[in-house]
Each structure stands twice: as C-alpha cells, then as structure tokens.
Protein chains: 2
Amino acid sequence: MKRPLILVTNDDSIVSPGIRTLISVMKEIGDVVVVAPDSPQSAMGHAITINNTLHLDKINLDPEIEHEYSCSGTPVDCVKMAVHEILKRKPDLCVSGINHGSNSSINVIYSGTMSAAVEAGIEGIPAIGFSHLDYSWETDFSPVKRHVKKIALEVLKNGLPEGVVLNVNFPKSEKGEIKGIKVCRQAKAMWIEEFDKRTNPQGKEYYWLTGEFVNQDKGQDTDEHALENGFVSIVPVQFDLTAHHAIQTINNWEL
Amino acid sequence: MKRPLILVTNDDSIVSPGIRTLISVMKEIGDVVVVAPDSPQSAMGHAITINNTLHLDKINLDPEIEHEYSCSGTPVDCVKMAVHEILKRKPDLCVSGINHGSNSSINVIYSGTMSAAVEAGIEGIPAIGFSHLDYSWETDFSPVKRHVKKIALEVLKNGLPEGVVLNVNFPKSEKGEIKGIKVCRQAKAMWIEEFDKRTNPQGKEYYWLTGEFVNQDKGQDTDEHALENGFVSIVPVQFDLTAHHAIQTINNWEL
C-alpha cells in the first residue's frame with residue numbers, strides 16, 4: 001500500500017509540543033506535510049482571514065520533513081493554504097493538534113484545533129482533531145501516542161461517514177493511565193463568564209475574559225463523562241448545523 | 001405585556017447600515033440594548049478574545065437608546081459582555097445583523113453574525129441571525145424590515161426549541177420583491193479557494209484569500225434554493241455538533 005499523505009496542523013502554533021508529538025506519530029504512518037500557525041491561535045473558532053494578507057514561510061524544524069510551513073493565518077487558513085496553494089491536491093488525512101487544553105463538549109465551537117479539522121472535512125478530507133485536557137506545555141504526551149496512532153490508522157482504513165470529522169480528547173490522569181476509548185455525544189455544558197475589570201496606566205478601564213466551565217449534563221454517554229472516568233473520548237462532529245427536528249415546528253408559525 | 005428586552009449585535013461593526021436597520025425595527029418591538037464590534041469582524045467564526053484585553057465604550061449613535069456600547073472584541077465577545085457585564089441578566093431576545101452578505105449554506109460556519117446568535121443560544125437566549133445576500137453598504141433594507149419584525153415577533157411569541165437558533169437570509173432581488181418565507185435545511189455547498197499571490201514592495205510574497213462558492217446540492221428544500229427563487233430562508237441551527245448517526249459506525253471499529 002502507498003504511504004498516505006497526511007496534513008498536520010493545530011492552533012497552538014507550529015512550535016508547540018502538542019503538534020511536534022502529533023508529527024512524530026504521523027511520520028510512522030505516512031508522508032507528512034505541516035502547515036501550522038506562526039503564533040498561538042487558540043479560541044479562534046472557524047475564523048478566516050479575508051480583510052488582511054496571509055504569509056507563508058517554509059521552515060525546517062524537523063529535518064525529516066520536506067514540506068513544513070508556518071502561516072500567519074488562523075488554523076482554517078492553514079488548511080485552505082495547504083490544500084489549495086501548497087499541495088494542490090487533497091491529502092489522505094488531516095490531523096489537528098494535539099491541542100494543549102480540552103476541546104470536549106461546547107469547547108468544540110470555540111476551538112481553532114477543531115475548526116481546522118472541520119474545514120478539512122468540508123473539503124472532503126478525512127479529519128481528526130486531537131486535544132489533551134492538560135493545557136500545560138510540559139504535558140507528558142507519551143501515554144497518548146499509541147491511541148493517536150490507532151485512531152488515525154482506523155480512519156485511514158475505514159474512512160469517515162460523509163460530513164463527519166472526529167473530535168478526540170485525552171483525559172488528564174495521575175500516572176498517564178488511560179482506561180480505554182469511548183465514542184460519545186457532546187455533553188450539554190457551557191461557560192459562565194466573568195469579566196475581570198481592570199484599569200490601565202492611563203486610567204481607562206479594560207477587561208479580561210474569564211469563566212467557569214459548568215456541566216449540568218448527567219448523561220453517561222457524553223464526552224465529559226468518559227474523560228472524567230479516565231477514558232479517551234471520540235465525538236463524531238458534523239458541519240451540517242441544520243436542526244432538522246425543528247423545521248416542522250417553525251413551519252407551524254404564522255410567517 | 002411588558003416590553004421585551006432585546007440585545008442587538010452584529011459583525012460588520014456598530015456603524016454599519018445593517019445593524020442600524022435592525023435597531024430601528026427592534027425599537028418598535030421592545031427595549032433595545034446594543035453591544036457591537038467597534039470595527040468589522042466578518043468571517044470571525046466563533047472566535048473569542050482570551051489572549052488580549054477587551055475594551056467597552058459607551059456611545060450614543062441613537063439618542064433613543066439608553067444602552068449602546070462598542071466593543072473591541074469579536075461578535076461572540078460582544079454577547080458575553082452584554083449578558084454578563086452590562087445587563088447582568090438574560091435579554092428576552094438576541095438579534096444579530098443584518099449582515100451585509102450571505103450567511104446561507106456553509107457560510108454559517110465562518111460567520112461572525114451567526115456565531116453571535118449561536119453564543120446567545122448557548123446561554124439560553126432565543127436568538128436570530130439576519131443576513132442580506134447583497135453585501136453592499138448601499139443595500140436598500142426597506143423591503144426586508146417587515147419580515148425582520150414578523151420573524152422576531154414569532155420567536156418572542158413561540159420561543160425556540162432548546163438548543164436551536166435561527167439563521168435568516170434575505171434574497172437579492174431586482175425590485176426588492178420578496179416572494180415569501182421558507183423554512184429550510186442548510187445546502188451542502190462549499191468554497192473553492194484560490195489564493196491571489198502577490199509581492200510586497202520589499203520583494204516578499206504574500207497572499208489574499210479568494211474563492212468561488214460552489215453549490216452542488218440540487219435539493220429543493222435548501223436555503224440556497226429558496227434564496228435563488230426570491231424567498232427568505234430560515235434555517236434552524238443547532239450547536240450540538242454530534243453526528244449521532246455516526247456513533248454506531250465508529251463503535252464497530254477496532255479501537
């Protein structure tokens with residue numbers, strides 16, 4: 001079998017330990033192309049750069065990789081540039097991450113890591129976003145590497161249902177112990193914001209966004225439940241956002 | 001009945017004709033609070049500001065409105081600040097737009113306008129994003145005003161199913177003629193990117209993102225179909241991204 005072509009990206013920037021780990025695993029499986037942001041792009045959601053210019057720099061952090069680029073844009077820009085400007089073809093797989101921090105539950109919506117995977121999915125490329133609940137750059141990724149490899153190989157072997165990408169999160173655990181893998185639904189959780197109001201040296205007020213994650217979803221089939229119990233969570237994610245069940249309800253309105 | 005409290009935001013900035021139109025309609029229905037970006041934030045998706053400070057300025061573009069603020073953040077930041085810092089309570093309705101340009105089909109994913117509505121939905125606030133296919137700032141919004149009002153009143157009267165917000169798009173039409181309103185699903189369409197490569201005065205290459213919108217979805221129940229035929233499209237949008245139908249498939253893998 002021909003070695004698959006694998007596009008690697010992320011949102012924590014091309015120098016983050018998470019993406020370097022992901023690259024090291026993907027090199028065991030296929031030919032790797034890296035196109036990742038030149039600076040942190042966390043919480044960028046599905047933003048794209050339309051009112052500004054984009055820059056692409058060929059770099060060589062890993063001498064074993066021929067095509068490695070840093071991009072001034074968002075994670076979604078990186079995927080678009082990789083497919084349409086650098087490769088001029090679809091890779092066999094796109095992996096994004098490993099994110100430093102959770103993208104489980106509602107975090108999928110805010111996540112640059114997952115938006116890169118979704119963008120690849122829109123382009124018809126099998127795609128996976130990987131995230132680790134431990135957001136420290138000192139995280140020991142060695143216990144998760146074999147799971148990353150296994151999931152990527154299964155996606156290459158089976159493909160993914162049309163319009164679906166995977167959101168994979170790794171639990172935080174004392175000794176890096178992982179109990180297994182669970183396929184889950186997205187928990188109904190949210191952030192309750194608090195703004196930290198401060199005064200700058202010129203006397204003008206400004207704010208920092210802070211918040212508390214609140215999960216009131218008690219279901220045992222959720223990603224949060226799996227992660228709390230030491231399992232890897234896989235949520236199949238779709239980008240057809242239509243709430244099909246609501247169409248009939250709204251058709252009954254007086255419009 | 002008490003007048004409803006209505007939060008108005010957008011992504012084209014607080015001075016855009018689209019939001020001024022939306023404000024003028026909402027004033028007929030309820031008490032209006034405006035919190036909108038101080039500069040254009042198109043295509044920001046669900047980005048939030050976590051690595052930078054946020055600024056909020058009380059302004060007074062409309063003397064009839066007591067609470068009007070411009071915010072340095074993204075559309076999603078605006079909703080969070082409005083609810084948790086300014087109002088300290090949930091408004092009865094959040095409306096976003098009227099966007100200058102389409103947010104139909106896959107554009108819902110990239111849209112700052114729709115992300116603001118989705119953020120309100122996550123917070124449990126009935127929410128609607130309004131967009132006009134004509135992206136000109138000279139667009140004549142007068143033909144769409146009665147539809148904006150009707151849809152907002154129906155949402156206030158009926159509420160929305162849990163976890164659902166509305167994506168409303170208005171067609172571009174010769175004489176502003178609108179044939180009616182259709183409740184639709186999101187068309188399976190996408191952008192095919194082309195990067196416009198240029199050289200800056202210092203000899204360094206840079207890119208502009210450009211692209212062509214391609215709709216291969218021939219369904220007559222899609223938003224694109226409704227809009228092409230002169231109808232207003234309403235797509236109920238959900239933020240539980242779980243592809244429930246794919247869970248069993250992936251459970252059959254060797255994980």
# chains A, B, ... in the order shown; residues from 1 in each chain; ligands from 1
$ interface_residues --of "chain B" --to "chain A" --cutoff "6 Å" --atoms "only C-alpha atoms" --output "PyMOL selection string"
chain B and resi 43-48+53-55+110+185-186+206-208+236-238+241-243
$ atom_distance --atom1 "CA of His100 in chain A" --atom2 "CA of Thr139 in chain A"
8.3 Å
$ atom_distance --atom1 "CA of Asp223 in chain A" --atom2 "CA of Asn169 in chain A"
8.1 Å
$ residues_around --residues "range 58-68 of chain B" --least-positions-apart "6" --cutoff "12 Å" --atoms "only C-alpha atoms" --output "ChimeraX atom specification"
/A:205 /B:5-9,14-16,19-21,23-24,26-28,30-38,78,82,86-87
$ residues_around --residues "Asn10 in chain B" --least-positions-apart "2" --cutoff "7 Å" --atoms "only C-alpha atoms" --output "list in words"
Asp12, Ser13, Ile19, Ala36, Pro75, Ser96, Gly97, Asn99 and Thr113 of chain B
$ atom_distance --atom1 "CA of Asn107 in chain B" --atom2 "CA of Ser131 in chain A"
25.6 Å
